[in-house]
Amino acid sequence: MDLEITNGTAVVDAPFGALTLTFEGRGELGRDFSAVARLAPVSRPGSDYALANARAELALVSRDETLDARLGASADMIIWDGAQVEGVVLTAAARAPLDLARYDFEGAGRVRAVRSPQFSGESVTIALGAEALARADSLEPSTWEGEGHASAARLAYRDNEISSGRFDAHFAGQDAQGRGVWSFSGDRFAGFALVSDAPGGNGEFNFDLRGNGHADGAARLALSRARLNPGAQQDLRDAFPGLAETPVGPTFAQAEAALDRAADAFDLTAPFSWRWDESGAQITVAAPIEARAASRTVLRLSPLRQDAPAIVLQWPGAALSGAVAVDLEGGGAPTAQLLFDTLDWRPDQPFEADGTLSISQWRAEGASIATEELGVRVAIQPRSGGRIDLTGPARVTGPLGDGEVRDLVATLDLAIAWNAGWRVTPNRGCLPVRVDGLDVAGLSFSAGAFALCPLHGALIAADVRDNLSGGFLIQRLGLNGRMSDAQPARISADAVTAAFSGTSDNVLLALEASRPALTIDMAEGRTLSLGVTRLSANAHIADRWSIDGRFEAGVFTDPTLPGSVSAILGHWSAAPDDDGEGAVIRVNAGEATLTANRPASADERPLFNPLRLVGVSGLVRDGRITADGSLLLAERGRQLARFTAEHDIEAGVGRANVHADTIMFGPDLQPYEISELARGMAENVRGGMGLDANVAWTREDIHATGTLRPLGLNLALSTIPVVQDVRGSIYFDDLFNLTTPPGQLINVGLLNPGVEVRNGRISFQLLPQQRVNIERAEFDFASGTLAVDPTEIKLGADETRFSLSLHGIDAAALVQELNVPDLSATGRIEGAFPLRLTPRSAFVEGGVLRATGGGAIAYTGNAGQEMTGPARVAFDALRSFDYDGLELRLDGDLNGEVVSAISFSGHNSGRPVDVSPIADLPGVGSVTARGVPFHFNVQVHAPFRRLADTAATIIDPETILNRSEAIEQEQQDSGETPAAVDQTGPATR
């Protein structure tokens, strides 16, 4: 058949405009026919649809009873509905005999680049070849075979990209049935939050187009040398918050590290099967999908039941169902299994899953998390929102600061819901929590329980802007336990509240405890108690965490202490250590009041007046507590000293030091303002005193020592009115009871209990109950020594007794000390006289002073010029008198009447004495003698303050008589009966 086509045209209506094709042809089919159809180079500009330099040519040739067709087309650019394709080249060739008993086809295409909002590619090539034998009775193929190939330097759909991808397929069949295999590979795939450097896959397929037709196949996708992308790895790390020093800290850190290692290198395989028929399409996962990491961590998704697939996804309707087991194990990751008995999803209906979670091996550094069958129910709404319900016990063991939580079991029944935000709420009121063991700060609690209740409707929640809210409430918290050394202890609080704010990447948690308290039974009769009215903590959890808060109205008591600590308040904070391995807790601007224990009776006085601790700074680090601050008198805030303290939490031991270089006493500060024990015992104190006190404690006991350093104190004691320039060092071996070891030494510049003595050296020991053991006390007096005999006295007593002794007293110095006028004496005197001191006076009881040998007495005054009789004889004899015996006996009130019996004997020396008044010889006249023996006995009643005058009465009786007359007049004026002055006259030996 001859066929000729001339000037043929055709117009193709396209979105970018009409395209005109021209074609022509001539010849006899089967012998020499040829025809050509062309699209001349054409461009059609446009925004949504456009062509640039597009051209095409179709050639048809029929020779030798065959028919050959070839197509070539190209375009520099095509824009189609927003997609831009550049460098398009297409070729195709077909060949068949005129009887169409056989036909072959080959095609190829190349695109330099393609770009669209969701899809892009570079250097894309496609090749397809097929051949078929037609049926004898129709054009339908009886046998056929073909293959296809595709490659691209890069293909990307949304955020998924493959580089150097290649796809190959081979297929063959008979009639309307066929089968084939396919495979793909690439140099790199990035998508679905992971990266693979060796992506690939293969599969097989079958189809039968007879009747309604169907097809099925199996495939295996493999992403080898894969890793999560940086964003996904960071999301994985962020899913495990940094909770060091908390019970979940080590386990979370281990899981994070294990999964982070696993995410760096793993192989993922995903086998599945598919089927298509007239009812729709279906994808089935019946074999495990597995990710196996180089670190030996394995994540596996497999069918829950052997007789049912894990997942079935089918169309139309895109319904999903299944029963899945998700297993995680190895490589340091938790051993966990999530079993979903049902999975169900339909368009416009919630995705629902119901199953259980079991965690058996999640342990790290003594910490663990476990749950045997935690019920998990998932419901995700079709457009937005969803909910996960968790039901059952979860068990946690792990560190808490420097301590540990053991087997904390929370019986969960809560919902995690999201929709324009999210919230976590219990399904039934509060969550019961049980703690089998809690070790913290040297305490060990066991068998504790409390309820965790939501605050403002949720345990934690966030709105659409990620603003956090909600919180929890614990009412009537009470945990019983023991110290590490087995002492019973209890921690309690009326209520603990916590409120969330901030955002999920910048969490703020405000904690407040009402009346928290800690009591410890250290021993029988000794219970330590620490409580505050309010304790707050504001936690900030972001890249790093920190806590700051306050404590108010605290009270600490310990029966072994001499007082209690109250009005405790201050600011505290906590943050990770510089190396991130632990927590550091700081206390700043702390204050407290120290109050002495109430005395046992109304007759006793408190050990000290109220004191204040101010400017207290404390630090808790590496299991140790250190602190320092100032010690003030509560009244008028007068500073006394500085203090430092440290405590070892694990060992339960510590110490404190109180130090003052100088405490200045004067009009603005007296000792009784520090301690009432000094009231009435030491008055009018002037000068400085240094202080060092050391307090040490263990879990069993507390002990305090200290040193007082008088720096030239002047004072008046209750029984000694004048004490000056006291210096030395006093060490207290028990500061609470004010006791010392033996051998304490002080120096006293001057002491005047009625007689002034100087340069005292006192060795003593302070005993319990304000008793003093005087071991040795010596004072310089009259060129000799005044000593206090060893004795024990009670400070502040109504009456104090001790005995004074004189050694090596020079008579001349004694006369000078007593300021006796017109009298000189020589010789040495010694003796002793007991003293009884009261707050009002001092009494001598049986005092005796004696000369240790002979001496001389000489009176040079004129007081005896007018005397006559025996008195004149005595007076004349005493103008120059050598004594061979002298004794003075004292009894009485040093501030009142003292009975002094003076006895001495000897003879006059110097000029002769007129003895005529006592030795009248008739007819002889005046009689004088030298060396006449005399024995004097004089008894005087007089105030001790006039002791010098008493000494003068030895040679001046008129003076004492005149004084006695004055006393008698005073007694008559006061209505008292005057006492007789018994003055025995002198007598010869």
# chains A, B, ... in the order shown; residues from 1 in each chain; ligands from 1
$ residues_around --residues "Gly8 in chain A" --least-positions-apart "2" --cutoff "12 Å" --atoms "only C-alpha atoms" --output "list in words"
Glu4, Ile5, Thr6, Ala10, Val11, Thr20, Leu21, Thr22, Phe23, Glu24, Gly25, Arg26, Ala35, Val36, Ala37 and Arg38 of chain A
$ write_last_selection --atoms "all heavy atoms" --output "tab-separated table (two decimals), in the first residue's frame"
chain	number	residue	atom	x	y	z
A	4	GLU	N	1.16	8.63	1.01
A	4	GLU	CA	1.90	9.89	0.91
A	4	GLU	C	1.22	10.93	1.80
A	4	GLU	O	0.01	11.11	1.75
A	4	GLU	CB	1.95	10.38	-0.52
A	4	GLU	CG	2.76	11.65	-0.67
A	4	GLU	CD	2.87	12.08	-2.14
A	4	GLU	OE1	2.38	11.36	-3.01
A	4	GLU	OE2	3.47	13.15	-2.36
A	5	ILE	N	2.00	11.62	2.56
A	5	ILE	CA	1.50	12.68	3.46
A	5	ILE	C	2.30	13.94	3.13
A	5	ILE	O	3.54	13.94	3.20
A	5	ILE	CB	1.67	12.33	4.95
A	5	ILE	CG1	0.98	11.02	5.27
A	5	ILE	CG2	1.17	13.46	5.85
A	5	ILE	CD1	1.26	10.52	6.67
A	6	THR	N	1.62	15.00	2.81
A	6	THR	CA	2.31	16.25	2.49
A	6	THR	C	1.70	17.38	3.31
A	6	THR	O	0.50	17.45	3.55
A	6	THR	CB	2.20	16.59	1.00
A	6	THR	OG1	0.82	16.70	0.64
A	6	THR	CG2	2.86	15.51	0.15
A	10	ALA	N	-0.43	19.46	12.87
A	10	ALA	CA	-1.26	19.11	14.05
A	10	ALA	C	-0.98	20.15	15.13
A	10	ALA	O	0.14	20.61	15.31
A	10	ALA	CB	-0.93	17.72	14.57
A	11	VAL	N	-2.01	20.53	15.81
A	11	VAL	CA	-1.89	21.52	16.88
A	11	VAL	C	-2.18	20.84	18.22
A	11	VAL	O	-3.23	20.20	18.37
A	11	VAL	CB	-2.84	22.71	16.66
A	11	VAL	CG1	-2.72	23.70	17.82
A	11	VAL	CG2	-2.51	23.40	15.35
A	20	THR	N	2.59	23.49	17.47
A	20	THR	CA	2.25	23.04	16.11
A	20	THR	C	3.27	22.03	15.64
A	20	THR	O	4.48	22.28	15.67
A	20	THR	CB	2.22	24.22	15.14
A	20	THR	OG1	1.25	25.18	15.57
A	20	THR	CG2	1.87	23.75	13.73
A	21	LEU	N	2.74	20.88	15.23
A	21	LEU	CA	3.58	19.81	14.70
A	21	LEU	C	3.38	19.73	13.19
A	21	LEU	O	2.26	19.87	12.69
A	21	LEU	CB	3.19	18.47	15.32
A	21	LEU	CG	3.30	18.36	16.84
A	21	LEU	CD1	2.80	16.99	17.29
A	21	LEU	CD2	4.74	18.55	17.29
A	22	THR	N	4.46	19.47	12.51
A	22	THR	CA	4.36	19.24	11.04
A	22	THR	C	4.84	17.83	10.77
A	22	THR	O	5.74	17.32	11.45
A	22	THR	CB	5.23	20.24	10.28
A	22	THR	OG1	6.60	20.06	10.62
A	22	THR	CG2	4.83	21.69	10.60
A	23	PHE	N	4.21	17.25	9.74
A	23	PHE	CA	4.65	15.89	9.41
A	23	PHE	C	4.38	15.65	7.93
A	23	PHE	O	3.50	16.27	7.31
A	23	PHE	CB	3.94	14.84	10.26
A	23	PHE	CG	2.45	14.95	10.31
A	23	PHE	CD1	1.65	14.26	9.37
A	23	PHE	CD2	1.83	15.74	11.25
A	23	PHE	CE1	0.28	14.35	9.44
A	23	PHE	CE2	0.45	15.83	11.31
A	23	PHE	CZ	-0.35	15.13	10.43
A	24	GLU	N	5.18	14.71	7.39
A	24	GLU	CA	5.05	14.31	5.99
A	24	GLU	C	5.61	12.91	5.85
A	24	GLU	O	6.39	12.47	6.68
A	24	GLU	CB	5.81	15.27	5.07
A	24	GLU	CG	7.28	15.38	5.38
A	24	GLU	CD	7.97	16.41	4.51
A	24	GLU	OE1	7.29	17.28	3.94
A	24	GLU	OE2	9.21	16.34	4.44
A	25	GLY	N	5.21	12.21	4.74
A	25	GLY	CA	5.70	10.87	4.53
A	25	GLY	C	5.25	10.32	3.19
A	25	GLY	O	4.28	10.80	2.60
A	26	ARG	N	6.00	9.32	2.68
A	26	ARG	CA	5.62	8.69	1.41
A	26	ARG	C	6.26	7.32	1.32
A	26	ARG	O	7.24	7.07	2.02
A	26	ARG	CB	6.07	9.54	0.23
A	26	ARG	CG	7.58	9.66	0.07
A	26	ARG	CD	7.95	10.44	-1.15
A	26	ARG	NE	7.40	11.79	-1.07
A	26	ARG	CZ	7.39	12.66	-2.09
A	26	ARG	NH1	7.86	12.28	-3.28
A	26	ARG	NH2	6.93	13.86	-1.94
A	35	ALA	N	8.32	8.30	7.15
A	35	ALA	CA	7.56	9.49	7.54
A	35	ALA	C	8.26	10.17	8.70
A	35	ALA	O	8.93	9.53	9.52
A	35	ALA	CB	6.14	9.11	7.95
A	36	VAL	N	8.08	11.51	8.80
A	36	VAL	CA	8.72	12.29	9.87
A	36	VAL	C	7.72	13.30	10.42
A	36	VAL	O	7.06	14.00	9.62
A	36	VAL	CB	9.97	13.03	9.37
A	36	VAL	CG1	10.55	13.89	10.47
A	36	VAL	CG2	11.01	12.06	8.85
A	37	ALA	N	7.63	13.39	11.71
A	37	ALA	CA	6.82	14.41	12.39
A	37	ALA	C	7.77	15.25	13.25
A	37	ALA	O	8.61	14.72	13.96
A	37	ALA	CB	5.75	13.79	13.25
A	38	ARG	N	7.66	16.59	13.18
A	38	ARG	CA	8.61	17.46	13.87
A	38	ARG	C	7.90	18.53	14.66
A	38	ARG	O	6.83	19.01	14.27
A	38	ARG	CB	9.53	18.13	12.85
A	38	ARG	CG	10.49	17.19	12.14
A	38	ARG	CD	11.45	18.02	11.29
A	38	ARG	NE	12.42	17.17	10.62
A	38	ARG	CZ	12.24	16.59	9.44
A	38	ARG	NH1	11.11	16.78	8.78
A	38	ARG	NH2	13.20	15.83	8.92
$ residues_around --residues "range 48-57 of chain A" --least-positions-apart "3" --cutoff "9 Å" --atoms "only C-alpha atoms" --output "PDB file with N, CA and C atoms, in the first residue's frame"
ATOM      1  N   PRO A  15      -0.791  23.641  28.426  1.00  0.00           N
ATOM      2  CA  PRO A  15      -0.959  24.752  29.377  1.00  0.00           C
ATOM      3  C   PRO A  15      -0.070  25.960  29.089  1.00  0.00           C
ATOM      4  N   PHE A  16       1.068  25.731  28.450  1.00  0.00           N
ATOM      5  CA  PHE A  16       1.937  26.861  28.151  1.00  0.00           C
ATOM      6  C   PHE A  16       1.688  27.429  26.766  1.00  0.00           C
ATOM      7  N   GLY A  17       0.626  26.938  26.060  1.00  0.00           N
ATOM      8  CA  GLY A  17       0.266  27.463  24.752  1.00  0.00           C
ATOM      9  C   GLY A  17       0.227  26.363  23.709  1.00  0.00           C
ATOM     10  N   VAL A  36       8.080  11.508   8.797  1.00  0.00           N
ATOM     11  CA  VAL A  36       8.723  12.289   9.869  1.00  0.00           C
ATOM     12  C   VAL A  36       7.720  13.296  10.420  1.00  0.00           C
ATOM     13  N   ALA A  37       7.630  13.389  11.706  1.00  0.00           N
ATOM     14  CA  ALA A  37       6.820  14.414  12.385  1.00  0.00           C
ATOM     15  C   ALA A  37       7.767  15.246  13.245  1.00  0.00           C
ATOM     16  N   ARG A  38       7.657  16.591  13.180  1.00  0.00           N
ATOM     17  CA  ARG A  38       8.613  17.462  13.869  1.00  0.00           C
ATOM     18  C   ARG A  38       7.897  18.532  14.665  1.00  0.00           C
ATOM     19  N   LEU A  39       8.551  18.873  15.743  1.00  0.00           N
ATOM     20  CA  LEU A  39       8.199  20.073  16.497  1.00  0.00           C
ATOM     21  C   LEU A  39       9.401  20.987  16.380  1.00  0.00           C
ATOM     22  N   ALA A  40       9.220  22.051  15.674  1.00  0.00           N
ATOM     23  CA  ALA A  40      10.326  22.985  15.467  1.00  0.00           C
ATOM     24  C   ALA A  40      10.685  23.641  16.803  1.00  0.00           C
ATOM     25  N   PRO A  41      11.930  24.051  16.950  1.00  0.00           N
ATOM     26  CA  PRO A  41      12.315  24.702  18.214  1.00  0.00           C
ATOM     27  C   PRO A  41      11.337  25.802  18.590  1.00  0.00           C
ATOM     28  N   VAL A  42      10.887  25.731  19.800  1.00  0.00           N
ATOM     29  CA  VAL A  42       9.851  26.650  20.248  1.00  0.00           C
ATOM     30  C   VAL A  42      10.072  26.988  21.718  1.00  0.00           C
ATOM     31  N   SER A  43       9.724  28.204  22.085  1.00  0.00           N
ATOM     32  CA  SER A  43       9.777  28.651  23.485  1.00  0.00           C
ATOM     33  C   SER A  43       8.464  29.287  23.839  1.00  0.00           C
ATOM     34  N   ARG A  44       7.968  29.031  24.995  1.00  0.00           N
ATOM     35  CA  ARG A  44       6.721  29.603  25.488  1.00  0.00           C
ATOM     36  C   ARG A  44       6.966  30.115  26.918  1.00  0.00           C
ATOM     37  N   PRO A  45       7.212  31.398  27.091  1.00  0.00           N
ATOM     38  CA  PRO A  45       7.468  31.904  28.446  1.00  0.00           C
ATOM     39  C   PRO A  45       6.202  31.865  29.297  1.00  0.00           C
ATOM     40  N   ARG A  70      11.355   5.796  15.694  1.00  0.00           N
ATOM     41  CA  ARG A  70      12.339   6.411  16.572  1.00  0.00           C
ATOM     42  C   ARG A  70      11.854   7.795  16.953  1.00  0.00           C
ATOM     43  N   LEU A  71      12.021   8.127  18.238  1.00  0.00           N
ATOM     44  CA  LEU A  71      11.589   9.404  18.758  1.00  0.00           C
ATOM     45  C   LEU A  71      12.767  10.077  19.449  1.00  0.00           C
ATOM     46  N   GLY A  72      12.911  11.369  19.171  1.00  0.00           N
ATOM     47  CA  GLY A  72      13.911  12.171  19.861  1.00  0.00           C
ATOM     48  C   GLY A  72      13.298  13.501  20.267  1.00  0.00           C
ATOM     49  N   ALA A  73      13.481  13.894  21.484  1.00  0.00           N
ATOM     50  CA  ALA A  73      12.910  15.156  21.961  1.00  0.00           C
ATOM     51  C   ALA A  73      13.863  15.765  22.995  1.00  0.00           C
ATOM     52  N   SER A  74      13.850  17.078  23.038  1.00  0.00           N
ATOM     53  CA  SER A  74      14.703  17.761  24.021  1.00  0.00           C
ATOM     54  C   SER A  74      14.105  19.129  24.335  1.00  0.00           C
ATOM     55  N   ALA A  75      14.532  19.686  25.431  1.00  0.00           N
ATOM     56  CA  ALA A  75      14.127  21.036  25.825  1.00  0.00           C
ATOM     57  C   ALA A  75      15.161  21.570  26.801  1.00  0.00           C
ATOM     58  N   ASP A  76      15.477  22.841  26.651  1.00  0.00           N
ATOM     59  CA  ASP A  76      16.399  23.439  27.609  1.00  0.00           C
ATOM     60  C   ASP A  76      15.746  23.570  28.987  1.00  0.00           C
ATOM     61  N   MET A  77      14.430  23.843  28.980  1.00  0.00           N
ATOM     62  CA  MET A  77      13.735  23.992  30.260  1.00  0.00           C
ATOM     63  C   MET A  77      12.253  23.794  30.061  1.00  0.00           C
ATOM     64  N   ILE A  78      11.655  23.171  31.031  1.00  0.00           N
ATOM     65  CA  ILE A  78      10.204  23.028  31.054  1.00  0.00           C
ATOM     66  C   ILE A  78       9.732  23.429  32.447  1.00  0.00           C
ATOM     67  N   ILE A  79       8.749  24.299  32.496  1.00  0.00           N
ATOM     68  CA  ILE A  79       8.110  24.652  33.763  1.00  0.00           C
ATOM     69  C   ILE A  79       6.691  24.128  33.702  1.00  0.00           C
ATOM     70  N   TRP A  80       6.365  23.324  34.691  1.00  0.00           N
ATOM     71  CA  TRP A  80       5.035  22.687  34.697  1.00  0.00           C
ATOM     72  C   TRP A  80       4.476  22.752  36.130  1.00  0.00           C
ATOM     73  N   ASP A  81       3.504  23.617  36.284  1.00  0.00           N
ATOM     74  CA  ASP A  81       2.814  23.757  37.571  1.00  0.00           C
ATOM     75  C   ASP A  81       3.804  23.976  38.722  1.00  0.00           C
ATOM     76  N   GLY A  82       4.746  24.865  38.479  1.00  0.00           N
ATOM     77  CA  GLY A  82       5.687  25.200  39.536  1.00  0.00           C
ATOM     78  C   GLY A  82       6.921  24.339  39.566  1.00  0.00           C
ATOM     79  N   ALA A  83       6.953  23.218  38.822  1.00  0.00           N
ATOM     80  CA  ALA A  83       8.133  22.365  38.757  1.00  0.00           C
ATOM     81  C   ALA A  83       8.965  22.770  37.558  1.00  0.00           C
ATOM     82  N   GLN A  84      10.257  22.845  37.769  1.00  0.00           N
ATOM     83  CA  GLN A  84      11.162  23.268  36.695  1.00  0.00           C
ATOM     84  C   GLN A  84      12.110  22.133  36.385  1.00  0.00           C
ATOM     85  N   VAL A  88      16.357  18.511  29.285  1.00  0.00           N
ATOM     86  CA  VAL A  88      15.594  17.289  29.079  1.00  0.00           C
ATOM     87  C   VAL A  88      15.952  16.689  27.723  1.00  0.00           C
ATOM     88  N   LEU A  90      15.008  13.029  25.544  1.00  0.00           N
ATOM     89  CA  LEU A  90      14.297  11.751  25.508  1.00  0.00           C
ATOM     90  C   LEU A  90      14.571  11.072  24.176  1.00  0.00           C
TER      91      LEU A  90
END
$ residues_around --residues "Arg112 in chain A" --least-positions-apart "4" --cutoff "8 Å" --atoms "only C-alpha atoms" --output "PyMOL selection string"
chain A and resi 85-88+122-124
$ write_last_selection --atoms "C-alpha atoms" --output "short mmCIF file (atom, residue, chain, number, x, y, z; two decimals), in the first residue's frame"
data_model
loop_
_atom_site.label_atom_id
_atom_site.label_comp_id
_atom_site.auth_asym_id
_atom_site.auth_seq_id
_atom_site.Cartn_x
_atom_site.Cartn_y
_atom_site.Cartn_z
CA VAL A 85 12.99 20.70 34.58
CA GLU A 86 16.22 21.57 32.83
CA GLY A 87 18.24 19.82 30.13
CA VAL A 88 15.59 17.29 29.08
CA GLU A 122 20.28 16.22 39.34
CA SER A 123 21.61 14.16 36.42
CA VAL A 124 18.62 11.86 36.29
#
$ closest_atom_pairs --of "range 343-394 of chain A" --to "range 414-420 of chain A" --cutoff "10 Å" --atoms "only C-alpha atoms" --output "CSV"
residue,atom,partner,partner_atom,distance
A:Val376,CA,A:Ala415,CA,9.9
A:Arg377,CA,A:Ala415,CA,9.2
A:Val378,CA,A:Ile416,CA,9.4
A:Ala379,CA,A:Ala417,CA,9.2
A:Ile380,CA,A:Trp418,CA,9.0
A:Gln381,CA,A:Asn419,CA,9.1
A:Arg383,CA,A:Asn419,CA,9.7
A:Ser384,CA,A:Asn419,CA,6.0
A:Gly385,CA,A:Asn419,CA,3.9
A:Gly386,CA,A:Trp418,CA,5.3
A:Arg387,CA,A:Ala417,CA,4.1
A:Ile388,CA,A:Ile416,CA,5.0
A:Asp389,CA,A:Ala415,CA,4.4
A:Leu390,CA,A:Leu414,CA,5.6
A:Thr391,CA,A:Leu414,CA,6.8
A:Gly392,CA,A:Leu414,CA,9.5
$ residues_around --residues "Arg699 in chain A" --least-positions-apart "4" --cutoff "8 Å" --atoms "only C-alpha atoms" --output "MDAnalysis selection string"
chainID A and resid 522 652:653
$ write_last_selection --atoms "N, CA, C and O atoms" --output "CSV table (one decimal), in the first residue's frame"
chain,number,residue,atom,x,y,z
A,522,MET,N,20.0,10.2,119.1
A,522,MET,CA,21.4,9.8,119.2
A,522,MET,C,21.7,8.8,120.3
A,522,MET,O,22.5,8.0,120.1
A,652,GLY,N,30.0,11.7,110.2
A,652,GLY,CA,29.2,12.3,111.2
A,652,GLY,C,30.0,13.0,112.3
A,652,GLY,O,29.6,13.1,113.4
A,653,VAL,N,31.2,13.5,111.9
A,653,VAL,CA,32.0,14.2,112.9
A,653,VAL,C,32.3,15.6,112.4
A,653,VAL,O,32.2,15.9,111.2
$ select_by_dssp --residues "range 252-311 of chain A" --states "alpha helix (DSSP H)" --output "list in words"
Phe252, Ala253, Gln254, Ala255, Glu256, Ala257, Ala258, Leu259, Asp260, Arg261, Ala262, Ala263 and Asp264 of chain A
$ write_last_selection --atoms "N, CA and C atoms" --output "mmCIF file, in the first residue's frame"
data_model
loop_
_atom_site.group_PDB
_atom_site.id
_atom_site.type_symbol
_atom_site.label_atom_id
_atom_site.label_comp_id
_atom_site.auth_asym_id
_atom_site.auth_seq_id
_atom_site.Cartn_x
_atom_site.Cartn_y
_atom_site.Cartn_z
ATOM 1 N N PHE A 252 19.970 7.220 83.416
ATOM 2 C CA PHE A 252 19.728 8.075 82.257
ATOM 3 C C PHE A 252 21.039 8.362 81.529
ATOM 4 N N ALA A 253 22.094 8.639 82.290
ATOM 5 C CA ALA A 253 23.378 8.942 81.665
ATOM 6 C C ALA A 253 23.909 7.727 80.899
ATOM 7 N N GLN A 254 23.766 6.527 81.478
ATOM 8 C CA GLN A 254 24.230 5.327 80.781
ATOM 9 C C GLN A 254 23.416 5.084 79.522
ATOM 10 N N ALA A 255 22.082 5.208 79.619
ATOM 11 C CA ALA A 255 21.244 5.004 78.446
ATOM 12 C C ALA A 255 21.570 6.025 77.365
ATOM 13 N N GLU A 256 21.758 7.278 77.783
ATOM 14 C CA GLU A 256 22.099 8.314 76.805
ATOM 15 C C GLU A 256 23.406 7.981 76.101
ATOM 16 N N ALA A 257 24.424 7.579 76.884
ATOM 17 C CA ALA A 257 25.718 7.259 76.288
ATOM 18 C C ALA A 257 25.621 6.045 75.368
ATOM 19 N N ALA A 258 24.881 5.002 75.790
ATOM 20 C CA ALA A 258 24.759 3.790 74.980
ATOM 21 C C ALA A 258 24.018 4.068 73.681
ATOM 22 N N LEU A 259 22.907 4.781 73.774
ATOM 23 C CA LEU A 259 22.136 5.076 72.561
ATOM 24 C C LEU A 259 22.860 6.078 71.677
ATOM 25 N N ASP A 260 23.638 6.959 72.286
ATOM 26 C CA ASP A 260 24.422 7.901 71.496
ATOM 27 C C ASP A 260 25.494 7.149 70.704
ATOM 28 N N ARG A 261 26.140 6.174 71.367
ATOM 29 C CA ARG A 261 27.111 5.354 70.637
ATOM 30 C C ARG A 261 26.432 4.558 69.535
ATOM 31 N N ALA A 262 25.288 3.978 69.850
ATOM 32 C CA ALA A 262 24.573 3.183 68.854
ATOM 33 C C ALA A 262 24.138 4.035 67.677
ATOM 34 N N ALA A 263 23.769 5.294 67.947
ATOM 35 C CA ALA A 263 23.291 6.171 66.877
ATOM 36 C C ALA A 263 24.410 6.597 65.950
ATOM 37 N N ASP A 264 25.673 6.375 66.347
ATOM 38 C CA ASP A 264 26.797 6.774 65.501
ATOM 39 C C ASP A 264 27.058 5.788 64.371
#
